[in-house]
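Shown next, in structure tokens, is the structure this report addresses.
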Amino acid sequence: MQICPVGALTGATYRFRARPFDLVSTPSACEHCASGCDMRTDVRRGKTLRRLAGDDAQVNNEWNCDKGRWAFKYISQSDRITTPLVRDAQGVLREASWPEALAVAAAGLSVNRAAVLVGGRATAEDAYGYSKFARVALKTNDIDFRARPHSEEERSFLSSVVVGSSVTYSAIDKADHVVLLGFEAEEESPIVFLRLFKQVRKRGMKVTAVAPFATRANQKLKADVIKTTAGNEANEIINIAGLTNKSVILVGERLAESQGALSAARKIADSAGAHLAWIPRRAGERGALEAGAIGTLLPGGRPVTDSAARVDIQSAWGVSSLPTTVGHSTSEILDALHTGDIDSLLIGGVDPLDISRDAAKGLEKAFVVSLEIRKSQITELANVVLPVAAVAEKSGTFINWEGRARAFDTAIDTPNLRSDVRILSMLADEMGTPINLPTVESAAREMNSLGTWDGARVTFTPANAGSVSGETILSSWRLLLDAGSLQDGEANLAKTAHPSVAVISADRAGKLGVTNGDRVTISSNVGAITLPVEIADIDSKTVWIPRNSQSSRAIALLGAASGIEVSVVKA
Ligand code: SF4
């Protein structure tokens, strides 16, 4: 549509709704994945009517994916929160003024031990606000941005190998060999896939993937697929040969779900001198790591346990001390809420069912302050809900997987909705422990002035290779178009999503007496999912399903997203 020279191709969402000269255009960055696409948002009378790909030769050229182009209506759904809410004595959430809501939130967070969870929607400035708020106002390193399955091995990997690193798209353009580990590029970071695909077509670049089966994308990339069972990746990765210092290893966030796999990836990268890059799925995760929204690091990769690094931050922040011990991870924080070791929680942009089936349970016992765009399972449990601006309604920066800053401007003016960092600054003032970040610009300035730490880094603690046992092991990942809430409100886009299927081997299909399209039920010890079958050349032990699609919500219905034993029977 964007490049159609005669305007014959049009989008149903935009068609006949405005003339180009009626629109106000704002340079933007896409909030939907870590590829970091440059965008343009076109607004008429306070409403986004369309988004177009910006032309950035170093990142997305003039392309973007369907999700980035069309998924923008989530901000105008009927469950949008526009006023603060406070839970009254009867347990009912009622509307409140900003001064009242901030006072109640400040009082609740000041009493006892508190922690912070911030999801992947946060901009770098917002994540910096959460990071500083945790240390200055709550005096804790109990903060984590990983609102998804995660591991201690991963935190060590991020804190030592990834923070401050820079592997760019141009390394892919020049690579002799790209290895994909726990990463389905076409679904999880489409412009990375496009850049890989270009090199495969142009010069036959070699691609190797460790995955349960040769997916559609792996076939397009003509990848050598090393078939593996979820949980067993490390044992395969360690044997990958033929890497050089021109090779690029791309690890997805899902590799954290397989013990020892990140350690194996680092080992093969080190021995060949190959580039190693981490590609999270969400747009905000790399920025949150750099901002220190994790229990091991202060901003700029400074270890929390390093006194010189703390002094650096103390003088910049004008505080006399900072917490000195490594903070809890997301799962530890959720457990501590459950046991009562942590009593209050500041949380923004987290869907508990992205983490675990029981993640919300601890929140029922705690004092919860939620910064949120729309109503959610968290806001239903929260004591105070503070409405925040969505990406189109604020300025900020995402840091993409390369570590490249992607700044964007406010496209829609909403005077009563503020960026998370501004609200955190108001809340810290109310608590009498100011963080002095009254604007997005002040947060960006302060964060940039800190720069990256040039002292000793966190030391990577490798983990031993894990292994799985069982007859049938679950594997899954998220599809680009799925049941994610940031796609809500766009029915035309939803219609283009891949249907949910269970991928099984021909051998298993034969034993079950099913063929393509027949239905099978996949059961764990907590629940079941029934889906049509797709037969593929898949690892014989594996059954693969979409992680978060219609009729296939793995964590909610099966209790885990991968690496668990399940049973498969004909439905
Ligand atoms: S590839 Fe990622 S960043 Fe680019 S438009 Fe699609 S979702 Fe957005």
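Ligands are numbered from 1 in the order shown, chains are lettered A, B, ... in the order of the structure tokens, and residues start at 1 in each chain.
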Which residues of region 325-420 of chain A sit at most 8 Å from region 149-156 of chain A, using only C-alpha atoms? Give each one's shortest atom pair and distance in Å (one decimal place), in chain and ascending residue order, as CSV.
residue,atom,partner,partner_atom,distance
A:Ser329,CA,A:Glu152,CA,7.9
A:Asp354,CA,A:Pro149,CA,7.5
A:Ile355,CA,A:Pro149,CA,5.3
A:Ser356,CA,A:Pro149,CA,7.4
Would you write out, as a Markdown table, a table of all residues in chain A that have an atom no more than 6 Å from an atom of ligand 1, listing for each the closest atom pair and the distance in Å to one decimal, considering only C-alpha atoms and all ligand atoms and ordering rows by chain and rising residue number?
| residue | atom | partner | partner_atom_place_in_ligand_line | distance |
| --- | --- | --- | --- | --- |
| A:Cys30 | CA | ligand 1 | 8 (Fe) | 4.5 |
| A:His32 | CA | ligand 1 | 7 (S) | 4.2 |
| A:Cys33 | CA | ligand 1 | 2 (Fe) | 4.1 |
| A:Ala34 | CA | ligand 1 | 3 (S) | 5.8 |
| A:Ser35 | CA | ligand 1 | 3 (S) | 4.5 |
| A:Gly36 | CA | ligand 1 | 3 (S) | 4.4 |
| A:Cys37 | CA | ligand 1 | 4 (Fe) | 4.2 |
| A:Asn64 | CA | ligand 1 | 5 (S) | 4.2 |
| A:Cys65 | CA | ligand 1 | 6 (Fe) | 4.0 |
| A:Lys67 | CA | ligand 1 | 7 (S) | 5.3 |
| A:Gly68 | CA | ligand 1 | 5 (S) | 3.5 |
| A:Ser189 | CA | ligand 1 | 2 (Fe) | 5.4 |
| A:Pro190 | CA | ligand 1 | 1 (S) | 4.3 |
| A:Ile191 | CA | ligand 1 | 1 (S) | 4.5 |
Same residues, C-alpha atoms, saved as a PDB file, in the first residue's frame:
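Result went into out.pdb, see below:
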ATOM      1  CA  CYS A  30       7.259   0.993  16.657  1.00  0.00           C
ATOM      2  CA  HIS A  32       5.639  -3.920  19.014  1.00  0.00           C
ATOM      3  CA  CYS A  33       9.032  -5.639  18.853  1.00  0.00           C
ATOM      4  CA  ALA A  34      12.754  -5.166  19.282  1.00  0.00           C
ATOM      5  CA  SER A  35      13.481  -4.742  15.548  1.00  0.00           C
ATOM      6  CA  GLY A  36      13.190  -0.991  16.139  1.00  0.00           C
ATOM      7  CA  CYS A  37      11.373   0.170  12.995  1.00  0.00           C
ATOM      8  CA  ASN A  64       7.696  -2.597   8.375  1.00  0.00           C
ATOM      9  CA  CYS A  65       5.494  -5.543   9.261  1.00  0.00           C
ATOM     10  CA  LYS A  67       1.632  -5.594  13.169  1.00  0.00           C
ATOM     11  CA  GLY A  68       3.622  -2.382  13.349  1.00  0.00           C
ATOM     12  CA  SER A 189      11.348  -9.839  15.122  1.00  0.00           C
ATOM     13  CA  PRO A 190      10.220  -9.509  11.494  1.00  0.00           C
ATOM     14  CA  ILE A 191      12.716  -6.926  10.258  1.00  0.00           C
TER      15      ILE A 191
END
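When DSSP is run on the backbone, the residues of region 119-178 of chain A that fall into strand (DSSP E) are Ile143, Asp144, His177 and Val178 of chain A.
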Between CA of Asn60 (chain A) and CA of Ser170 (chain A) lies a distance of 11.7 Å
Would you please work out which residue, of A:Phe197, A:Phe408, A:Trp278, A:Phe213, is nearest to Pro27 (chain A) when using only C-alpha atoms?
->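 Result for the nearest residue to Pro27 (chain A): A:Phe408.
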Could you pull the residues within 8 Å of region 433-443 of chain A, counting only C-alpha atoms, minus those fewer than 4 positions along the same chain, as a list in words?
->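 After dropping sequence-adjacent residues, the list is Glu125, Asp126, Tyr128, Gly129, Lys132, Phe133, Val136, Ala137, Trp317, Ser395, Gly396, Ser419, Val421, Arg422, Ser425, Met426, Ala428, Asp429 and Met447 of chain A.
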Can you write just those residues out, all heavy atoms, as a CSV table (one decimal), in the first residue's frame?
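After the write, out.csv holds the following:
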chain,number,residue,atom,x,y,z
A,125,GLU,N,13.2,5.7,29.0
A,125,GLU,CA,13.1,6.8,30.0
A,125,GLU,C,12.2,6.3,31.1
A,125,GLU,O,12.5,6.5,32.3
A,125,GLU,CB,12.5,8.1,29.4
A,125,GLU,CG,13.4,8.8,28.4
A,125,GLU,CD,13.3,8.2,27.0
A,125,GLU,OE1,12.7,7.2,26.8
A,125,GLU,OE2,13.9,8.9,26.1
A,126,ASP,N,11.1,5.6,30.8
A,126,ASP,CA,10.2,5.1,31.8
A,126,ASP,C,10.9,4.0,32.6
A,126,ASP,O,10.8,4.0,33.8
A,126,ASP,CB,9.0,4.4,31.2
A,126,ASP,CG,8.0,5.5,30.6
A,126,ASP,OD1,8.1,6.7,31.0
A,126,ASP,OD2,7.2,5.2,29.7
A,128,TYR,N,14.0,3.8,33.2
A,128,TYR,CA,15.0,4.5,34.0
A,128,TYR,C,14.3,5.1,35.2
A,128,TYR,O,14.8,5.0,36.4
A,128,TYR,CB,15.7,5.6,33.2
A,128,TYR,CG,16.7,6.4,34.0
A,128,TYR,CD1,17.9,5.9,34.3
A,128,TYR,CD2,16.4,7.7,34.4
A,128,TYR,CE1,18.8,6.6,35.0
A,128,TYR,CE2,17.3,8.5,35.1
A,128,TYR,CZ,18.5,7.9,35.4
A,128,TYR,OH,19.4,8.6,36.1
A,129,GLY,N,13.1,5.6,35.0
A,129,GLY,CA,12.3,6.1,36.1
A,129,GLY,C,12.0,5.0,37.2
A,129,GLY,O,12.1,5.2,38.4
A,132,LYS,N,15.3,4.1,39.0
A,132,LYS,CA,15.7,5.1,40.0
A,132,LYS,C,14.7,5.1,41.2
A,132,LYS,O,15.1,5.2,42.4
A,132,LYS,CB,15.8,6.5,39.4
A,132,LYS,CG,16.4,7.6,40.3
A,132,LYS,CD,16.6,8.8,39.5
A,132,LYS,CE,17.2,9.9,40.4
A,132,LYS,NZ,17.4,11.2,39.7
A,133,PHE,N,13.4,4.9,40.9
A,133,PHE,CA,12.4,4.9,41.9
A,133,PHE,C,12.7,3.7,42.9
A,133,PHE,O,12.6,3.9,44.1
A,133,PHE,CB,11.0,4.7,41.3
A,133,PHE,CG,9.9,4.9,42.3
A,133,PHE,CD1,9.3,6.1,42.5
A,133,PHE,CD2,9.4,3.8,42.9
A,133,PHE,CE1,8.2,6.2,43.4
A,133,PHE,CE2,8.4,3.9,43.9
A,133,PHE,CZ,7.8,5.1,44.1
A,136,VAL,N,15.9,4.8,45.0
A,136,VAL,CA,15.9,6.0,45.8
A,136,VAL,C,14.6,6.0,46.7
A,136,VAL,O,14.7,6.3,47.9
A,136,VAL,CB,15.9,7.2,44.9
A,136,VAL,CG1,15.7,8.5,45.7
A,136,VAL,CG2,17.2,7.3,44.1
A,137,ALA,N,13.5,5.7,46.1
A,137,ALA,CA,12.2,5.8,46.9
A,137,ALA,C,11.9,4.6,47.7
A,137,ALA,O,11.5,4.6,48.9
A,137,ALA,CB,11.0,6.1,46.0
A,317,TRP,N,22.9,11.1,41.4
A,317,TRP,CA,21.5,11.2,41.9
A,317,TRP,C,21.4,12.0,43.1
A,317,TRP,O,20.3,12.3,43.6
A,317,TRP,CB,21.0,9.8,42.2
A,317,TRP,CG,20.6,9.0,40.9
A,317,TRP,CD1,20.7,9.4,39.6
A,317,TRP,CD2,20.2,7.6,40.9
A,317,TRP,NE1,20.3,8.4,38.8
A,317,TRP,CE2,20.0,7.3,39.5
A,317,TRP,CE3,20.0,6.6,41.8
A,317,TRP,CZ2,19.6,6.0,39.1
A,317,TRP,CZ3,19.6,5.4,41.4
A,317,TRP,CH2,19.4,5.1,40.1
A,395,SER,N,6.3,11.1,24.3
A,395,SER,CA,7.6,11.0,23.6
A,395,SER,C,8.4,10.0,24.4
A,395,SER,O,8.1,9.6,25.5
A,395,SER,CB,8.3,12.4,23.5
A,395,SER,OG,8.5,12.8,24.9
A,396,GLY,N,9.5,9.6,23.8
A,396,GLY,CA,10.4,8.7,24.5
A,396,GLY,C,11.4,8.0,23.5
A,396,GLY,O,11.5,8.4,22.4
A,419,SER,N,3.5,10.1,30.8
A,419,SER,CA,4.4,9.0,30.7
A,419,SER,C,4.7,8.4,32.1
A,419,SER,O,4.6,9.2,33.1
A,419,SER,CB,5.7,9.5,30.1
A,419,SER,OG,6.5,8.4,29.7
A,421,VAL,N,7.3,7.7,33.7
A,421,VAL,CA,8.4,8.4,34.4
A,421,VAL,C,7.9,9.7,35.1
A,421,VAL,O,8.3,9.9,36.3
A,421,VAL,CB,9.6,8.7,33.5
A,421,VAL,CG1,9.4,9.7,32.4
A,421,VAL,CG2,10.8,9.1,34.4
A,422,ARG,N,7.0,10.4,34.5
A,422,ARG,CA,6.5,11.6,35.1
A,422,ARG,C,5.7,11.3,36.4
A,422,ARG,O,5.7,11.9,37.4
A,422,ARG,CB,5.6,12.4,34.2
A,422,ARG,CG,6.4,13.0,33.0
A,422,ARG,CD,5.6,13.9,32.2
A,422,ARG,NE,5.0,15.1,33.0
A,422,ARG,CZ,4.1,15.9,32.5
A,422,ARG,NH1,3.6,15.7,31.3
A,422,ARG,NH2,3.7,16.9,33.3
A,425,SER,N,7.9,10.2,39.2
A,425,SER,CA,8.5,11.4,39.8
A,425,SER,C,7.5,12.1,40.8
A,425,SER,O,7.9,12.5,41.9
A,425,SER,CB,8.9,12.4,38.7
A,425,SER,OG,9.9,13.2,39.2
A,426,MET,N,6.2,12.1,40.4
A,426,MET,CA,5.2,12.7,41.3
A,426,MET,C,5.1,11.8,42.6
A,426,MET,O,4.9,12.3,43.7
A,426,MET,CB,3.9,12.8,40.6
A,426,MET,CG,3.9,13.9,39.5
A,426,MET,SD,2.6,13.6,38.2
A,426,MET,CE,1.1,13.6,39.0
A,428,ALA,N,7.3,9.8,43.9
A,428,ALA,CA,8.5,9.9,44.7
A,428,ALA,C,8.4,11.2,45.5
A,428,ALA,O,8.8,11.2,46.7
A,428,ALA,CB,9.7,9.8,43.9
A,429,ASP,N,8.0,12.3,44.9
A,429,ASP,CA,7.8,13.5,45.6
A,429,ASP,C,6.9,13.3,46.8
A,429,ASP,O,7.1,13.8,47.9
A,429,ASP,CB,7.3,14.6,44.7
A,429,ASP,CG,8.3,15.1,43.7
A,429,ASP,OD1,9.5,14.9,44.0
A,429,ASP,OD2,7.9,15.8,42.8
A,447,MET,N,19.9,10.1,32.0
A,447,MET,CA,20.4,8.7,31.7
A,447,MET,C,21.6,8.8,30.7
A,447,MET,O,22.6,8.1,30.9
A,447,MET,CB,19.2,8.0,31.0
A,447,MET,CG,19.5,6.5,30.8
A,447,MET,SD,18.0,5.6,30.5
A,447,MET,CE,17.3,6.5,29.1
Contacts of Arg254 (chain A) at 8 Å (only C-alpha atoms; same-chain gap of 2+ positions) as a ChimeraX atom specification = /A:149,182-183,252,256-258,477
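Between CA of Val163 (chain A) and CA of Ala288 (chain A) lies a distance of 10.0 Å.
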For the contact check between region 170-239 of chain A and region 458-466 of chain A, emit one row per residue of region 170-239 of chain A within 9 Å, containing the shortest atom pair and the distance in Å rounded to one decimal, counting only C-alpha atoms, chain then rising number order, as a tab-separated table.
residue	atom	partner	partner_atom	distance
A:Gly231	CA	A:Gly466	CA	6.3
A:Asn232	CA	A:Gly466	CA	6.2
A:Glu233	CA	A:Gly466	CA	8.1
A:Ala234	CA	A:Ala465	CA	5.3
A:Asn235	CA	A:Ala465	CA	6.4
Within 8 Å of region 72-86 of chain A, which residues of region 412-525 of chain A come that close, and what is the closest atom pair and distance in Å for each? Count only C-alpha atoms and give it as a Markdown table.
| residue | atom | partner | partner_atom | distance |
| --- | --- | --- | --- | --- |
| A:Asn416 | CA | A:Thr82 | CA | 7.5 |
| A:Leu417 | CA | A:Thr82 | CA | 7.0 |
| A:Ser485 | CA | A:Tyr74 | CA | 7.1 |
| A:Leu486 | CA | A:Tyr74 | CA | 5.4 |
| A:Gln487 | CA | A:Tyr74 | CA | 6.2 |
| A:Asp488 | CA | A:Tyr74 | CA | 5.0 |
| A:Gly489 | CA | A:Lys73 | CA | 5.4 |
| A:Glu490 | CA | A:Lys73 | CA | 6.3 |
For the selection you just gave me, I'd like the residues written to a file as a CSV table (one decimal), in the first residue's frame, keeping all heavy atoms.
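The resulting file, again.csv, is shown below:
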chain,number,residue,atom,x,y,z
A,416,ASN,N,-4.1,14.9,30.2
A,416,ASN,CA,-4.3,14.3,31.4
A,416,ASN,C,-3.6,12.9,31.5
A,416,ASN,O,-3.7,12.2,32.5
A,416,ASN,CB,-5.8,14.1,31.8
A,416,ASN,CG,-6.5,13.3,30.7
A,416,ASN,OD1,-6.0,13.2,29.6
A,416,ASN,ND2,-7.7,12.7,31.0
A,417,LEU,N,-2.9,12.5,30.5
A,417,LEU,CA,-2.2,11.2,30.5
A,417,LEU,C,-0.7,11.5,30.4
A,417,LEU,O,-0.3,12.2,29.5
A,417,LEU,CB,-2.6,10.3,29.4
A,417,LEU,CG,-4.1,9.8,29.5
A,417,LEU,CD1,-4.5,9.1,28.2
A,417,LEU,CD2,-4.2,8.8,30.7
A,485,SER,N,-2.5,-8.2,23.8
A,485,SER,CA,-3.5,-7.1,24.0
A,485,SER,C,-3.2,-5.8,23.2
A,485,SER,O,-4.1,-5.0,22.9
A,485,SER,CB,-3.6,-6.7,25.5
A,485,SER,OG,-2.4,-6.3,25.9
A,486,LEU,N,-2.0,-5.7,22.7
A,486,LEU,CA,-1.7,-4.5,21.9
A,486,LEU,C,-2.2,-4.6,20.4
A,486,LEU,O,-2.0,-3.7,19.6
A,486,LEU,CB,-0.1,-4.2,21.8
A,486,LEU,CG,0.5,-3.9,23.2
A,486,LEU,CD1,1.9,-3.4,22.9
A,486,LEU,CD2,-0.2,-2.9,24.0
A,487,GLN,N,-2.8,-5.8,20.1
A,487,GLN,CA,-3.4,-5.9,18.8
A,487,GLN,C,-4.9,-5.8,18.9
A,487,GLN,O,-5.6,-5.9,17.9
A,487,GLN,CB,-3.1,-7.3,18.2
A,487,GLN,CG,-1.6,-7.5,17.9
A,487,GLN,CD,-1.2,-9.0,18.0
A,487,GLN,OE1,-1.7,-9.8,17.2
A,487,GLN,NE2,-0.4,-9.4,19.0
A,488,ASP,N,-5.4,-5.5,20.1
A,488,ASP,CA,-6.9,-5.5,20.3
A,488,ASP,C,-7.5,-4.3,19.4
A,488,ASP,O,-6.9,-3.3,19.2
A,488,ASP,CB,-7.2,-5.2,21.7
A,488,ASP,CG,-7.0,-6.4,22.6
A,488,ASP,OD1,-6.8,-7.5,22.0
A,488,ASP,OD2,-7.0,-6.3,23.8
A,489,GLY,N,-8.7,-4.6,18.9
A,489,GLY,CA,-9.4,-3.5,18.2
A,489,GLY,C,-9.2,-3.5,16.7
A,489,GLY,O,-9.8,-2.6,16.0
A,490,GLU,N,-8.3,-4.3,16.2
A,490,GLU,CA,-8.1,-4.3,14.7
A,490,GLU,C,-8.5,-5.6,14.1
A,490,GLU,O,-7.6,-6.5,14.0
A,490,GLU,CB,-6.6,-4.0,14.5
A,490,GLU,CG,-6.2,-3.8,13.1
A,490,GLU,CD,-7.2,-3.0,12.2
A,490,GLU,OE1,-8.1,-3.7,11.7
A,490,GLU,OE2,-7.1,-1.8,12.1
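Counting only C-alpha atoms, Val304 (chain A) has the following residues at most 8 Å away, ignoring those fewer than 4 positions along the same chain: Asn141, Gly295, Thr296, Leu297, Leu298, Ala309, Arg310, Pro323, Thr324, Thr325 and Val326 of chain A.
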Would you please work out which residue, of A:Gly527, A:Glu187, A:Glu446, A:Ala392, is nearest to Ala497 (chain A) when using only C-alpha atoms?
->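 Selected residue with least distance to Ala497 (chain A): A:Glu187.
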